[in-house]
Amino acid sequence: MLSVAALVGLPACSGVAGAEPDASAAECRAVFTLTVSDTGAGTSGSRMRAPGYLGDGYDTGSGFENYIDVAGGNFRFYFFDAEGVFISPVAVESVLPTESTSTSRSYAVDAVCDPAIAGRDLRVVVLANWPAYPSESALIAGSTTIGHFWEYIYEFSAENMRLSETATIPLFGVSSLHTLRFDALNRAEIGTVHMLRAYAKVQVIPSADSVFPIEWVKLHRYNTRGYCAPGGVSDESDYVHYSYDKDYVSAPSVPDASESDADLEFMPAADGSWIAYVPEYLNKGRAESEKCSLRIRFSDPGEDSDYEYDTVHFKNYDSSGAAGESFDVLRNTWYKFTVKKKASPTVQIVPYNEVDLFPLFGLLIHKDLVPVFEPDGSVRYYYNPETGQYYGPDGQTEIEDPYLTVDPATGYTIIRDMNDAVIAYYDPATGKYYDPQDKTTEIPAPR
């Protein structure tokens, strides 16, 4: 099972300690990052982990698995207070992919804020790719709670699995509690909001030593509807636990009267596997006839003239092929089944996103420095949690804060690539991009 994991967020905000926004300024701004995330369930029996971008057991997802319909404005941002009560919408001015394609897994967000909100404890709630959003009259300041979003439902059919710019996965995210403080440039950095996909990903992989190729794969019993947001989630800590065994949600959120006992056909992939994106499904504590299962037909049934298909259940399989406890199909999770004819299947459960290890995580060295690692295990840089200073791989050369999202000299938004290298500066006031070397030469938008 693979779920999407997000970047670990920075502290609530940065800038000048104790700075207050200029009340005479035309506007104050908030900047933060969206990351389409996942982490997975724990390992047990045949559950295996596979290395992701920066975390053992995590994978980033790819293509339209990470897509947000920015061009269509298919997103909403809201401020909620410490009790989870609605404050106001967030006036977003730009949502920019931080990678070279429109299916970036991370997005830089620039928003306008009322200076009166400075110093308040708040959360940011983000919705994206939803079929419908709350009307202005449905959200009442001082009254509506985050639980209002748990009621929104999406419809699902086989066509929804063919992900594209129009067939998108509903996403939901909520930050942890932050105290909004503005720096001398009237900007506040909120950090990262981890986004959860509403779908699970199921993949059936033919074993390398399988004698017979797979002819088709079908999911027997599935839900034709799902909730856009996971029920009971009102804070980042409800689904981001920084633990492979606990991330993300532990139970499915399923609308009433959603189940179908029909078969859903999987899509063949270029690598020979079969893939489906599906809503959550409840298997635990139910009769076998009510649980979902995989029906797999191999192309050569051999001498068995009555052969129709083989059945694989959503259970943990041990090395002998014996099936154990059933598990639910959960959002933001990738279920990988490796199968071969006349042999027992194995299931690999891996988180479908990454977890970046940011400052305050890792092993202490030189008494006060924390290493942050590259995917290959080498040290990327060091961080001193007491002074806030960053150092190069030698642990001595001071470097600029690699997580700074706004240039303090110009107020431009800093655009970075996957390796945190600065590739451009963006002026939200003019919509122009500038060369990272001199910050004055205009360049085309990064691709």
# chains A, B, ... in the order shown; residues from 1 in each chain; ligands from 1
$ residues_around --residues "segment 433-445 of chain A" --least-positions-apart "3" --cutoff "8 Å" --atoms "only C-alpha atoms" --output "list in words"
Val422, Ile423, Ala424, Tyr425, Tyr426 and Asp427 of chain A
$ select_by_dssp --residues "segment 55-152 of chain A" --states "strand (DSSP E or B)" --output "VMD selection string"
chain A and resid 56 75 to 81 85 to 89 91 to 97 106 to 113 121 to 128 145
$ residues_around --residues "Phe212 of chain A" --least-positions-apart "5" --cutoff "8 Å" --atoms "only C-alpha atoms" --output "JSON, numbers by chain"
{"A": [298, 299, 300, 340, 341]}
$ closest_residue --among "A:Ala82, A:Leu163, A:Ala132, A:Glu93" --to "Arg120 of chain A" --atoms "only C-alpha atoms"
A:Ala82
$ residues_around --residues "Pro206 of chain A" --least-positions-apart "2" --cutoff "12 Å" --atoms "only C-alpha atoms" --output "ChimeraX atom specification"
/A:203-204,208-217,268-269,271-275,296-298,336-341,343-347
$ closest_residue --among "A:Val379, A:Ala257, A:Ala118, A:Val126" --to "Ser175 of chain A" --atoms "only C-alpha atoms"
A:Val126
$ closest_residue --among "A:Asn129, A:Asn66, A:Thr192, A:Gln389" --to "Thr405 of chain A" --atoms "only C-alpha atoms"
A:Thr192
$ closest_residue --among "A:Asn332, A:Asn186, A:Asn316, A:Thr33" --to "Tyr239 of chain A" --atoms "only C-alpha atoms"
A:Asn332
